[in-house]
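Worksheet: the structure to be examined is printed underneath.
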Amino acid sequence: MAARPDPHAPVAAEREAYYAAIRPLHLSPLWEQLHTLVPPQPATPCAPVHWRYDALRPHLMRAGTLITAAEAVRRVLVLENPALPGRACATQSLFAGLQMILPGEVAPAHRHTQSALRFIVEGRGAYTAVNGERATMAPGDFIITPSWTWHDHGSDADGPVVWLDGLDIPLVRFLDAGFAENLGSDQQPISRPEGHNLARYGSNMAPLREASPHGATSPIFSYPYARSRDALARLARDGALDAWDGAKLQYINPASGGAATPTMAAFLQLLPAGFDGRPYRQTDGAVFSVVEGRGVASIGEGTSAQRFEFAPRDHFVVPSWQTLRLQARDECVLFSFSDRPVQLATALWREQRLQA
Ligand code: GTQ
């Protein structure tokens with residue numbers, strides 16, 4: 001049987017010829033891509049991903065035998081989203097990586113316009129120095145490196161220390177606004193005793209006659225786990241639980257009340273044992289680090305949802321506008337960070353809290 005001629009074929013052929021004619025002039029027809037440029041709702045290419053610490057840890061330790069921190073500058077395994085290959089990002093806007101430092105090593109001083117946050121995953125006794133002051137690391141501590149501040153990392157620990165690095169590298173790359181430089185010596189001079197920043201800004205008090213030293217970034221650069229954990233424990237004990245989040249607090253910049261950095265917000269939450277959270281979605285995709293407990297993160301809709309059974313020190317990504325439901329087997333504590341301050345500043349942030 002002869003194929004019937006397609007009545008649209010001549011038009012399609014003529015349009016293709018037209019597209020070919022305008023391409024050398026660096027022109028393209030909007031009408032062929034309008035639906036993807038302006039989608040009815042976020043349609044991220046980013047995928048949900050789960051990195052089990054048990055599977056990853058031996059490789060991180062092996063990196064310690066292959067390269068020194070000094071040679072690597074930063075010995076980091078990038079948590080790379082498999083749906084965004086080769087782009088060194090966890091989500092379209094966020095970099096995440098696990099950095100490891102061995103006793104006696106130094107990761108040399110540099111500074112960059114990218115903001116960084118650290119969340120300590122394993123080990124204690126390494127330190128990061130920021131702006132002339134050291135912060136010694138312990139599991140669960142949240143540490144900030146403000147944009148354009150000198151920072152170096154070192155270790156007086158007796159074993160490996162591992163932390164999650166969160167940086168706005170992809171966002172800054174997208175904006176083409178990245179600058180970086182090396183100090184030229186391994187370690188910056190230390191000019192203040194440890195804990196000085198916390199004494200000045202960490203007790204709901206602030207120095208007089210002085211602007212916050214890092215502009216839009218929090219003047220506190222180390223938020224010890226014991227304090228944050230205790231606040232969550234109290235909220236849970238008092239029954240102040242949210243049906244979606246459990247007990248969730250944001251690390252704030254005390255000078256503004258807003259997020260700890262201008263580009264990244266960070267959160268710590270406690271889910272009581274047996275917590276069966278309601279589903280929600282938010283336009284800011286997030287990277288999670290599991291501190292305590294086992295549970296399940298279900299990401300996506302209905303039967304296509306992915307179920308991540310998480311354990312301490314695991315990491316996972318929740319992409320923008322994908323539904324997340326958190327369930328806790330034991331009492332769980334989860335750290336997370338996202339690009340929410342950027343979305344709030346640009347009036348883009350949205351969330352939907354679903355009933356079931
Ligand atoms: O510690 O300065 O994971 O500059 C990536 C880039 C860590 C850091 C990273 C960095 C750093």
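All residue names refer to the structure tokens as shown: chains lettered A, B, ... in order, residues numbered from 1 in each chain, ligands numbered from 1 in order.
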Query raised in the report: Which residues, written as an NGL selection string, have at least one atom at most 12 Å from Ile220 in chain A, with only C-alpha atoms counted and residues fewer than 6 positions away on the same chain left out?
Result: :A and (117 or 130-131 or 133-135 or 142-146 or 194-206 or 212-214 or 251-255 or 259-261)
Query - Contacts of ligand 1, 7 Å or closer, only C-alpha atoms and all ligand atoms, given as an NGL selection string - result: :A and (74 or 76 or 96-99 or 110 or 151 or 165-167)
Excluding range 285-293 of chain A and residues on its chain fewer than 2 positions from it, collect all residues at most 8 Å away from it, counting only C-alpha atoms, and give them as a CSV table (one decimal) with N, CA and C atoms, in the first residue's frame.
```
chain,number,residue,atom,x,y,z
A,90,ALA,N,25.7,19.2,42.2
A,90,ALA,CA,24.7,18.3,42.8
A,90,ALA,C,23.3,18.7,42.3
A,91,THR,N,23.1,20.0,42.2
A,91,THR,CA,21.9,20.6,41.6
A,91,THR,C,22.4,21.6,40.6
A,96,ALA,N,28.4,20.2,45.8
A,96,ALA,CA,28.5,19.5,47.0
A,96,ALA,C,29.7,18.5,46.9
A,121,VAL,N,31.2,15.7,58.9
A,121,VAL,CA,30.6,14.4,58.8
A,121,VAL,C,31.3,13.3,59.6
A,140,GLY,N,28.9,17.3,63.0
A,140,GLY,CA,27.6,18.1,63.1
A,140,GLY,C,27.8,19.6,63.2
A,164,LEU,N,31.3,17.8,54.6
A,164,LEU,CA,30.6,18.1,53.4
A,164,LEU,C,30.9,19.6,53.1
A,282,GLN,N,9.3,22.2,47.0
A,282,GLN,CA,9.8,23.6,47.1
A,282,GLN,C,10.6,23.8,45.9
A,283,THR,N,10.7,25.1,45.5
A,283,THR,CA,11.4,25.4,44.2
A,283,THR,C,12.9,25.3,44.4
A,295,GLY,N,16.1,6.3,58.2
A,295,GLY,CA,14.8,6.6,57.8
A,295,GLY,C,14.7,6.5,56.3
A,310,PHE,N,18.0,5.9,54.2
A,310,PHE,CA,19.2,6.6,54.5
A,310,PHE,C,19.7,6.1,55.9
A,311,ALA,N,21.0,6.3,56.1
A,311,ALA,CA,21.7,6.0,57.4
A,311,ALA,C,22.6,7.1,57.7
A,312,PRO,N,23.1,7.2,58.9
A,312,PRO,CA,24.0,8.3,59.2
A,312,PRO,C,25.2,8.5,58.2
A,313,ARG,N,25.5,9.7,57.9
A,313,ARG,CA,26.6,10.1,57.0
A,313,ARG,C,26.2,9.9,55.5
A,314,ASP,N,25.0,9.5,55.2
A,314,ASP,CA,24.6,9.4,53.9
A,314,ASP,C,24.3,10.8,53.4
A,315,HIS,N,24.3,11.0,52.1
A,315,HIS,CA,23.9,12.3,51.5
A,315,HIS,C,22.9,12.0,50.4
A,316,PHE,N,21.9,12.9,50.2
A,316,PHE,CA,21.0,12.8,49.1
A,316,PHE,C,20.6,14.2,48.6
A,317,VAL,N,20.1,14.2,47.3
A,317,VAL,CA,19.7,15.4,46.6
A,317,VAL,C,18.2,15.3,46.4
A,318,VAL,N,17.5,16.4,46.7
A,318,VAL,CA,16.1,16.5,46.4
A,318,VAL,C,16.0,17.6,45.3
A,319,PRO,N,15.7,17.3,44.1
A,319,PRO,CA,15.6,18.3,43.0
A,319,PRO,C,14.4,19.3,43.2
A,320,SER,N,14.6,20.4,42.6
A,320,SER,CA,13.6,21.5,42.6
A,320,SER,C,12.2,20.9,42.2
A,321,TRP,N,11.2,21.3,43.0
A,321,TRP,CA,9.8,21.0,42.8
A,321,TRP,C,9.5,19.5,42.7
A,328,ALA,N,11.0,8.6,59.5
A,328,ALA,CA,12.1,8.3,60.4
A,328,ALA,C,11.8,6.9,61.1
A,329,ARG,N,12.8,6.1,61.0
A,329,ARG,CA,12.7,4.8,61.8
A,329,ARG,C,13.1,5.1,63.2
A,330,ASP,N,14.3,5.6,63.3
A,330,ASP,CA,14.8,6.0,64.7
A,330,ASP,C,14.7,7.5,64.7
A,331,GLU,N,15.0,8.1,65.9
A,331,GLU,CA,15.1,9.6,65.9
A,331,GLU,C,16.2,10.0,64.9
A,332,CYS,N,15.9,10.9,64.0
A,332,CYS,CA,16.8,11.3,63.0
A,332,CYS,C,17.2,12.8,63.1
A,333,VAL,N,18.4,13.1,62.7
A,333,VAL,CA,18.8,14.5,62.6
A,333,VAL,C,19.3,14.7,61.2
A,334,LEU,N,18.8,15.6,60.4
A,334,LEU,CA,19.2,15.9,59.1
A,334,LEU,C,19.7,17.3,58.9
A,335,PHE,N,20.8,17.5,58.2
A,335,PHE,CA,21.3,18.8,57.8
A,335,PHE,C,20.9,18.9,56.3
A,336,SER,N,20.6,20.2,55.9
A,336,SER,CA,20.4,20.4,54.5
A,336,SER,C,20.7,21.8,54.1
A,337,PHE,N,21.0,22.0,52.8
A,337,PHE,CA,21.2,23.4,52.3
A,337,PHE,C,20.7,23.5,50.9
A,338,SER,N,20.4,24.8,50.6
A,338,SER,CA,19.8,25.0,49.3
A,338,SER,C,20.1,26.5,48.8
A,339,ASP,N,19.6,26.8,47.6
A,339,ASP,CA,19.8,28.2,47.1
A,339,ASP,C,18.7,29.1,47.5
```
Requested in this report: Name all residues at most 9 Å from range 224-232 of chain A (count only C-alpha atoms; drop same-chain ones fewer than 4 positions away) and give them as a count of residues only.
Outcome: 17
Query raised in the report: Any idea what's packed within 12 Å of Gln188 in chain A, counting only C-alpha atoms, ignoring anything in its chain fewer than 5 positions away? Could you give it as a VMD selection string?
Result: chain A and resid 106 to 111 128 to 134 149 to 154 182 to 183
Could those residues be written to a file, using C-alpha atoms, as an mmCIF file, in the first residue's frame?
```
data_model
loop_
_atom_site.group_PDB
_atom_site.id
_atom_site.type_symbol
_atom_site.label_atom_id
_atom_site.label_comp_id
_atom_site.auth_asym_id
_atom_site.auth_seq_id
_atom_site.Cartn_x
_atom_site.Cartn_y
_atom_site.Cartn_z
ATOM 1 C CA VAL A 106 47.376 21.472 55.253
ATOM 2 C CA ALA A 107 44.999 22.577 52.509
ATOM 3 C CA PRO A 108 46.639 25.880 51.516
ATOM 4 C CA ALA A 109 45.100 29.311 51.965
ATOM 5 C CA HIS A 110 43.104 30.837 49.145
ATOM 6 C CA ARG A 111 40.040 32.983 48.678
ATOM 7 C CA THR A 128 39.506 25.618 59.192
ATOM 8 C CA ALA A 129 40.843 29.131 59.536
ATOM 9 C CA VAL A 130 38.702 32.019 58.341
ATOM 10 C CA ASN A 131 39.652 35.646 58.557
ATOM 11 C CA GLY A 132 42.386 35.138 61.134
ATOM 12 C CA GLU A 133 40.456 32.777 63.383
ATOM 13 C CA ARG A 134 40.389 28.991 63.614
ATOM 14 C CA THR A 149 37.775 35.560 52.835
ATOM 15 C CA TRP A 150 41.105 33.747 53.150
ATOM 16 C CA HIS A 151 40.650 30.188 54.280
ATOM 17 C CA ASP A 152 42.901 27.214 54.842
ATOM 18 C CA HIS A 153 42.251 23.860 56.424
ATOM 19 C CA GLY A 154 44.556 21.789 58.614
ATOM 20 C CA ASN A 182 46.089 32.089 46.412
ATOM 21 C CA LEU A 183 47.582 33.650 49.505
#
```
Contacts of Leu102 in chain A at 12 Å (only C-alpha atoms; same-chain gap of 5+ positions) as a PDB file with all heavy atoms, in the first residue's frame:
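Output file part.pdb follows:
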```
ATOM      1  N   LEU A  60      37.079   7.486  49.402  1.00  0.00           N
ATOM      2  CA  LEU A  60      37.579   8.748  49.959  1.00  0.00           C
ATOM      3  C   LEU A  60      38.903   8.492  50.695  1.00  0.00           C
ATOM      4  O   LEU A  60      39.858   9.268  50.562  1.00  0.00           O
ATOM      5  CB  LEU A  60      36.516   9.313  50.910  1.00  0.00           C
ATOM      6  CG  LEU A  60      36.648  10.758  51.374  1.00  0.00           C
ATOM      7  CD1 LEU A  60      36.773  11.712  50.204  1.00  0.00           C
ATOM      8  CD2 LEU A  60      35.451  11.135  52.235  1.00  0.00           C
ATOM      9  N   MET A  61      38.971   7.374  51.425  1.00  0.00           N
ATOM     10  CA  MET A  61      40.204   7.054  52.153  1.00  0.00           C
ATOM     11  C   MET A  61      41.325   6.718  51.165  1.00  0.00           C
ATOM     12  O   MET A  61      42.486   7.053  51.386  1.00  0.00           O
ATOM     13  CB  MET A  61      39.969   5.877  53.115  1.00  0.00           C
ATOM     14  CG  MET A  61      38.991   6.212  54.222  1.00  0.00           C
ATOM     15  SD  MET A  61      39.481   7.696  55.156  1.00  0.00           S
ATOM     16  CE  MET A  61      37.908   8.511  55.394  1.00  0.00           C
ATOM     17  N   ARG A  62      40.976   6.062  50.072  1.00  0.00           N
ATOM     18  CA  ARG A  62      41.994   5.722  49.069  1.00  0.00           C
ATOM     19  C   ARG A  62      42.583   6.983  48.448  1.00  0.00           C
ATOM     20  O   ARG A  62      43.786   7.041  48.149  1.00  0.00           O
ATOM     21  CB  ARG A  62      41.372   4.825  47.993  1.00  0.00           C
ATOM     22  CG  ARG A  62      42.389   4.296  47.033  1.00  0.00           C
ATOM     23  CD  ARG A  62      41.845   3.174  46.184  1.00  0.00           C
ATOM     24  NE  ARG A  62      42.780   2.901  45.099  1.00  0.00           N
ATOM     25  CZ  ARG A  62      42.428   2.605  43.871  1.00  0.00           C
ATOM     26  NH1 ARG A  62      41.149   2.513  43.553  1.00  0.00           N
ATOM     27  NH2 ARG A  62      43.344   2.391  42.952  1.00  0.00           N
ATOM     28  N   ALA A  63      41.749   8.006  48.281  1.00  0.00           N
ATOM     29  CA  ALA A  63      42.259   9.280  47.749  1.00  0.00           C
ATOM     30  C   ALA A  63      43.375   9.805  48.642  1.00  0.00           C
ATOM     31  O   ALA A  63      44.327  10.432  48.166  1.00  0.00           O
ATOM     32  CB  ALA A  63      41.126  10.299  47.635  1.00  0.00           C
ATOM     33  N   GLY A  64      43.270   9.494  49.943  1.00  0.00           N
ATOM     34  CA  GLY A  64      44.292   9.920  50.898  1.00  0.00           C
ATOM     35  C   GLY A  64      45.641   9.251  50.668  1.00  0.00           C
ATOM     36  O   GLY A  64      46.667   9.773  51.104  1.00  0.00           O
ATOM     37  N   THR A  65      45.656   8.114  49.970  1.00  0.00           N
ATOM     38  CA  THR A  65      46.924   7.437  49.654  1.00  0.00           C
ATOM     39  C   THR A  65      47.446   7.862  48.286  1.00  0.00           C
ATOM     40  O   THR A  65      48.597   7.592  47.950  1.00  0.00           O
ATOM     41  CB  THR A  65      46.757   5.898  49.655  1.00  0.00           C
ATOM     42  OG1 THR A  65      45.941   5.526  48.535  1.00  0.00           O
ATOM     43  CG2 THR A  65      46.102   5.400  50.928  1.00  0.00           C
ATOM     44  N   ILE A  67      46.982  11.144  46.839  1.00  0.00           N
ATOM     45  CA  ILE A  67      47.345  12.558  46.690  1.00  0.00           C
ATOM     46  C   ILE A  67      47.292  13.223  48.063  1.00  0.00           C
ATOM     47  O   ILE A  67      46.435  12.870  48.892  1.00  0.00           O
ATOM     48  CB  ILE A  67      46.400  13.247  45.659  1.00  0.00           C
ATOM     49  CG1 ILE A  67      46.913  14.640  45.283  1.00  0.00           C
ATOM     50  CG2 ILE A  67      44.955  13.302  46.147  1.00  0.00           C
ATOM     51  CD1 ILE A  67      46.290  15.172  43.991  1.00  0.00           C
ATOM     52  N   THR A  68      48.210  14.130  48.313  1.00  0.00           N
ATOM     53  CA  THR A  68      48.176  14.857  49.595  1.00  0.00           C
ATOM     54  C   THR A  68      47.192  16.020  49.476  1.00  0.00           C
ATOM     55  O   THR A  68      46.862  16.465  48.367  1.00  0.00           O
ATOM     56  CB  THR A  68      49.563  15.438  49.939  1.00  0.00           C
ATOM     57  OG1 THR A  68      49.906  16.409  48.932  1.00  0.00           O
ATOM     58  CG2 THR A  68      50.627  14.353  49.983  1.00  0.00           C
ATOM     59  N   ALA A  69      46.783  16.518  50.631  1.00  0.00           N
ATOM     60  CA  ALA A  69      45.888  17.677  50.631  1.00  0.00           C
ATOM     61  C   ALA A  69      46.583  18.869  49.975  1.00  0.00           C
ATOM     62  O   ALA A  69      45.963  19.647  49.247  1.00  0.00           O
ATOM     63  CB  ALA A  69      45.451  18.011  52.054  1.00  0.00           C
ATOM     64  N   ALA A  70      47.894  19.003  50.231  1.00  0.00           N
ATOM     65  CA  ALA A  70      48.639  20.142  49.677  1.00  0.00           C
ATOM     66  C   ALA A  70      48.669  20.073  48.147  1.00  0.00           C
ATOM     67  O   ALA A  70      48.472  21.078  47.472  1.00  0.00           O
ATOM     68  CB  ALA A  70      50.055  20.165  50.242  1.00  0.00           C
ATOM     69  N   ARG A  74      42.477  21.017  47.447  1.00  0.00           N
ATOM     70  CA  ARG A  74      41.336  20.557  48.224  1.00  0.00           C
ATOM     71  C   ARG A  74      41.098  19.114  47.805  1.00  0.00           C
ATOM     72  O   ARG A  74      40.775  18.849  46.647  1.00  0.00           O
ATOM     73  CB  ARG A  74      40.077  21.398  47.939  1.00  0.00           C
ATOM     74  CG  ARG A  74      40.218  22.886  48.282  1.00  0.00           C
ATOM     75  CD  ARG A  74      40.359  23.122  49.777  1.00  0.00           C
ATOM     76  NE  ARG A  74      40.425  24.542  50.147  1.00  0.00           N
ATOM     77  CZ  ARG A  74      41.561  25.200  50.399  1.00  0.00           C
ATOM     78  NH1 ARG A  74      42.741  24.613  50.272  1.00  0.00           N
ATOM     79  NH2 ARG A  74      41.510  26.457  50.783  1.00  0.00           N
ATOM     80  N   ARG A  75      41.278  18.177  48.764  1.00  0.00           N
ATOM     81  CA  ARG A  75      41.064  16.759  48.420  1.00  0.00           C
ATOM     82  C   ARG A  75      39.575  16.460  48.629  1.00  0.00           C
ATOM     83  O   ARG A  75      39.128  16.207  49.747  1.00  0.00           O
ATOM     84  CB  ARG A  75      41.928  15.846  49.288  1.00  0.00           C
ATOM     85  CG  ARG A  75      41.912  14.401  48.781  1.00  0.00           C
ATOM     86  CD  ARG A  75      42.291  13.419  49.850  1.00  0.00           C
ATOM     87  NE  ARG A  75      43.700  13.380  50.160  1.00  0.00           N
ATOM     88  CZ  ARG A  75      44.213  13.729  51.353  1.00  0.00           C
ATOM     89  NH1 ARG A  75      43.443  14.169  52.310  1.00  0.00           N
ATOM     90  NH2 ARG A  75      45.494  13.615  51.573  1.00  0.00           N
ATOM     91  N   ALA A 107      45.592  22.179  53.792  1.00  0.00           N
ATOM     92  CA  ALA A 107      44.999  22.577  52.509  1.00  0.00           C
ATOM     93  C   ALA A 107      45.223  24.083  52.408  1.00  0.00           C
ATOM     94  O   ALA A 107      44.675  24.850  53.203  1.00  0.00           O
ATOM     95  CB  ALA A 107      43.518  22.222  52.475  1.00  0.00           C
ATOM     96  N   GLU A 122      32.581  13.326  59.711  1.00  0.00           N
ATOM     97  CA  GLU A 122      33.299  12.278  60.450  1.00  0.00           C
ATOM     98  C   GLU A 122      34.597  12.828  61.024  1.00  0.00           C
ATOM     99  O   GLU A 122      35.334  13.524  60.324  1.00  0.00           O
ATOM    100  CB  GLU A 122      33.630  11.115  59.492  1.00  0.00           C
ATOM    101  CG  GLU A 122      34.472  10.041  60.151  1.00  0.00           C
ATOM    102  CD  GLU A 122      34.911   8.908  59.216  1.00  0.00           C
ATOM    103  OE1 GLU A 122      34.366   8.780  58.109  1.00  0.00           O
ATOM    104  OE2 GLU A 122      35.816   8.160  59.636  1.00  0.00           O
ATOM    105  N   GLY A 123      34.884  12.477  62.254  1.00  0.00           N
ATOM    106  CA  GLY A 123      36.164  12.823  62.873  1.00  0.00           C
ATOM    107  C   GLY A 123      36.107  14.194  63.542  1.00  0.00           C
ATOM    108  O   GLY A 123      35.196  14.985  63.305  1.00  0.00           O
ATOM    109  N   ARG A 124      37.076  14.431  64.394  1.00  0.00           N
ATOM    110  CA  ARG A 124      37.167  15.735  65.056  1.00  0.00           C
ATOM    111  C   ARG A 124      38.626  16.126  65.183  1.00  0.00           C
ATOM    112  O   ARG A 124      39.504  15.269  65.141  1.00  0.00           O
ATOM    113  CB  ARG A 124      36.469  15.706  66.413  1.00  0.00           C
ATOM    114  CG  ARG A 124      37.047  14.721  67.405  1.00  0.00           C
ATOM    115  CD  ARG A 124      36.284  14.752  68.726  1.00  0.00           C
ATOM    116  NE  ARG A 124      34.932  14.237  68.596  1.00  0.00           N
ATOM    117  CZ  ARG A 124      33.830  14.908  68.932  1.00  0.00           C
ATOM    118  NH1 ARG A 124      33.902  16.124  69.425  1.00  0.00           N
ATOM    119  NH2 ARG A 124      32.641  14.360  68.784  1.00  0.00           N
ATOM    120  N   GLY A 125      38.876  17.430  65.306  1.00  0.00           N
ATOM    121  CA  GLY A 125      40.247  17.876  65.539  1.00  0.00           C
ATOM    122  C   GLY A 125      40.911  18.505  64.322  1.00  0.00           C
ATOM    123  O   GLY A 125      41.997  19.040  64.441  1.00  0.00           O
ATOM    124  N   ALA A 126      40.251  18.449  63.168  1.00  0.00           N
ATOM    125  CA  ALA A 126      40.746  19.269  62.056  1.00  0.00           C
ATOM    126  C   ALA A 126      40.227  20.684  62.288  1.00  0.00           C
ATOM    127  O   ALA A 126      39.372  20.915  63.141  1.00  0.00           O
ATOM    128  CB  ALA A 126      40.264  18.730  60.724  1.00  0.00           C
ATOM    129  N   TYR A 127      40.764  21.629  61.551  1.00  0.00           N
ATOM    130  CA  TYR A 127      40.291  22.997  61.734  1.00  0.00           C
ATOM    131  C   TYR A 127      40.262  23.696  60.385  1.00  0.00           C
ATOM    132  O   TYR A 127      40.939  23.307  59.434  1.00  0.00           O
ATOM    133  CB  TYR A 127      41.187  23.783  62.704  1.00  0.00           C
ATOM    134  CG  TYR A 127      42.637  23.778  62.293  1.00  0.00           C
ATOM    135  CD1 TYR A 127      43.116  24.678  61.343  1.00  0.00           C
ATOM    136  CD2 TYR A 127      43.518  22.831  62.817  1.00  0.00           C
ATOM    137  CE1 TYR A 127      44.441  24.643  60.941  1.00  0.00           C
ATOM    138  CE2 TYR A 127      44.843  22.785  62.417  1.00  0.00           C
ATOM    139  CZ  TYR A 127      45.296  23.707  61.469  1.00  0.00           C
ATOM    140  OH  TYR A 127      46.600  23.655  61.060  1.00  0.00           O
ATOM    141  N   HIS A 153      42.685  24.929  55.529  1.00  0.00           N
ATOM    142  CA  HIS A 153      42.251  23.860  56.424  1.00  0.00           C
ATOM    143  C   HIS A 153      43.483  23.091  56.876  1.00  0.00           C
ATOM    144  O   HIS A 153      44.455  22.961  56.127  1.00  0.00           O
ATOM    145  CB  HIS A 153      41.299  22.894  55.710  1.00  0.00           C
ATOM    146  CG  HIS A 153      40.256  23.552  54.861  1.00  0.00           C
ATOM    147  ND1 HIS A 153      39.351  24.455  55.366  1.00  0.00           N
ATOM    148  CD2 HIS A 153      39.974  23.449  53.534  1.00  0.00           C
ATOM    149  CE1 HIS A 153      38.552  24.870  54.374  1.00  0.00           C
ATOM    150  NE2 HIS A 153      38.923  24.278  53.262  1.00  0.00           N
ATOM    151  N   GLY A 154      43.445  22.578  58.095  1.00  0.00           N
ATOM    152  CA  GLY A 154      44.556  21.789  58.614  1.00  0.00           C
ATOM    153  C   GLY A 154      44.024  20.774  59.599  1.00  0.00           C
ATOM    154  O   GLY A 154      42.822  20.744  59.889  1.00  0.00           O
ATOM    155  N   SER A 155      44.916  19.946  60.102  1.00  0.00           N
ATOM    156  CA  SER A 155      44.440  18.920  61.019  1.00  0.00           C
ATOM    157  C   SER A 155      45.459  18.560  62.094  1.00  0.00           C
ATOM    158  O   SER A 155      46.586  18.194  61.787  1.00  0.00           O
ATOM    159  CB  SER A 155      44.059  17.650  60.250  1.00  0.00           C
ATOM    160  OG  SER A 155      43.614  16.672  61.156  1.00  0.00           O
ATOM    161  N   ASP A 156      45.017  18.654  63.344  1.00  0.00           N
ATOM    162  CA  ASP A 156      45.760  18.122  64.488  1.00  0.00           C
ATOM    163  C   ASP A 156      45.078  16.858  64.992  1.00  0.00           C
ATOM    164  O   ASP A 156      45.314  16.423  66.122  1.00  0.00           O
ATOM    165  CB  ASP A 156      45.794  19.152  65.644  1.00  0.00           C
ATOM    166  CG  ASP A 156      46.516  20.428  65.243  1.00  0.00           C
ATOM    167  OD1 ASP A 156      47.475  20.342  64.458  1.00  0.00           O
ATOM    168  OD2 ASP A 156      46.117  21.514  65.720  1.00  0.00           O
ATOM    169  N   ALA A 157      44.213  16.281  64.180  1.00  0.00           N
ATOM    170  CA  ALA A 157      43.439  15.111  64.607  1.00  0.00           C
ATOM    171  C   ALA A 157      44.332  13.872  64.623  1.00  0.00           C
ATOM    172  O   ALA A 157      45.473  13.902  64.160  1.00  0.00           O
ATOM    173  CB  ALA A 157      42.259  14.901  63.659  1.00  0.00           C
ATOM    174  N   ASP A 158      43.796  12.769  65.137  1.00  0.00           N
ATOM    175  CA  ASP A 158      44.583  11.541  65.105  1.00  0.00           C
ATOM    176  C   ASP A 158      44.053  10.559  64.059  1.00  0.00           C
ATOM    177  O   ASP A 158      44.472   9.404  64.004  1.00  0.00           O
ATOM    178  CB  ASP A 158      44.660  10.899  66.494  1.00  0.00           C
ATOM    179  CG  ASP A 158      43.300  10.750  67.121  1.00  0.00           C
ATOM    180  OD1 ASP A 158      42.293  10.855  66.370  1.00  0.00           O
ATOM    181  OD2 ASP A 158      43.218  10.541  68.348  1.00  0.00           O
ATOM    182  N   GLY A 159      43.147  11.017  63.234  1.00  0.00           N
ATOM    183  CA  GLY A 159      42.626  10.176  62.152  1.00  0.00           C
ATOM    184  C   GLY A 159      42.049  11.077  61.081  1.00  0.00           C
ATOM    185  O   GLY A 159      42.137  12.307  61.192  1.00  0.00           O
ATOM    186  N   PRO A 160      41.483  10.488  60.036  1.00  0.00           N
ATOM    187  CA  PRO A 160      40.912  11.314  58.971  1.00  0.00           C
ATOM    188  C   PRO A 160      39.718  12.133  59.459  1.00  0.00           C
ATOM    189  O   PRO A 160      38.987  11.691  60.338  1.00  0.00           O
ATOM    190  CB  PRO A 160      40.460  10.278  57.927  1.00  0.00           C
ATOM    191  CG  PRO A 160      40.398   8.972  58.631  1.00  0.00           C
ATOM    192  CD  PRO A 160      41.337   9.048  59.793  1.00  0.00           C
ATOM    193  N   VAL A 161      39.557  13.304  58.903  1.00  0.00           N
ATOM    194  CA  VAL A 161      38.378  14.128  59.175  1.00  0.00           C
ATOM    195  C   VAL A 161      37.716  14.424  57.833  1.00  0.00           C
ATOM    196  O   VAL A 161      38.396  14.760  56.859  1.00  0.00           O
ATOM    197  CB  VAL A 161      38.752  15.428  59.920  1.00  0.00           C
ATOM    198  CG1 VAL A 161      37.527  16.306  60.127  1.00  0.00           C
ATOM    199  CG2 VAL A 161      39.399  15.100  61.269  1.00  0.00           C
ATOM    200  N   VAL A 162      36.408  14.242  57.795  1.00  0.00           N
ATOM    201  CA  VAL A 162      35.648  14.388  56.551  1.00  0.00           C
ATOM    202  C   VAL A 162      34.528  15.390  56.779  1.00  0.00           C
ATOM    203  O   VAL A 162      33.841  15.335  57.807  1.00  0.00           O
ATOM    204  CB  VAL A 162      35.030  13.033  56.124  1.00  0.00           C
ATOM    205  CG1 VAL A 162      34.164  13.191  54.870  1.00  0.00           C
ATOM    206  CG2 VAL A 162      36.116  11.980  55.895  1.00  0.00           C
TER     207      VAL A 162
END
```
**Report entry** Length of the CA of Leu241 in chain A to CA of Leu271 in chain A vector [Å]
**Finding:** 8.5 Å
Query raised in the report: At what distance in Å, to one decimal, does CA of Trp148 in chain A lie from CA of Val78 in chain A?
Result: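 CA of Trp148 in chain A lies at a distance of 21.7 Å from CA of Val78 in chain A.
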Query raised in the report: Which one is closest to Phe119 in chain A: A:Ser185, A:Ser222, A:Ser298, A:Ser28? Count only C-alpha atoms.
Result: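 Smallest distance to Phe119 in chain A is found for A:Ser222.
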**Report entry** Residue contacts of range 340-354 of chain A (7 Å, only C-alpha atoms) excluding same-chain residues fewer than 6 positions away, as JSON, numbers by chain
**Finding:** {"A": [259, 262, 263, 264, 265, 278, 279, 280, 281, 282, 283, 284]}
Query raised in the report: In Å, how far is it from CA of Ser304 in chain A to CA of Thr323 in chain A?
Result: 11.1 Å
Query raised in the report: Running DSSP on the backbone, which parts of range 126-213 of chain A land in strand (DSSP E or B), as an MDAnalysis selection string?
Result: chainID A and resid 126:130 133:136 142:145 151:155 161:167 180:182
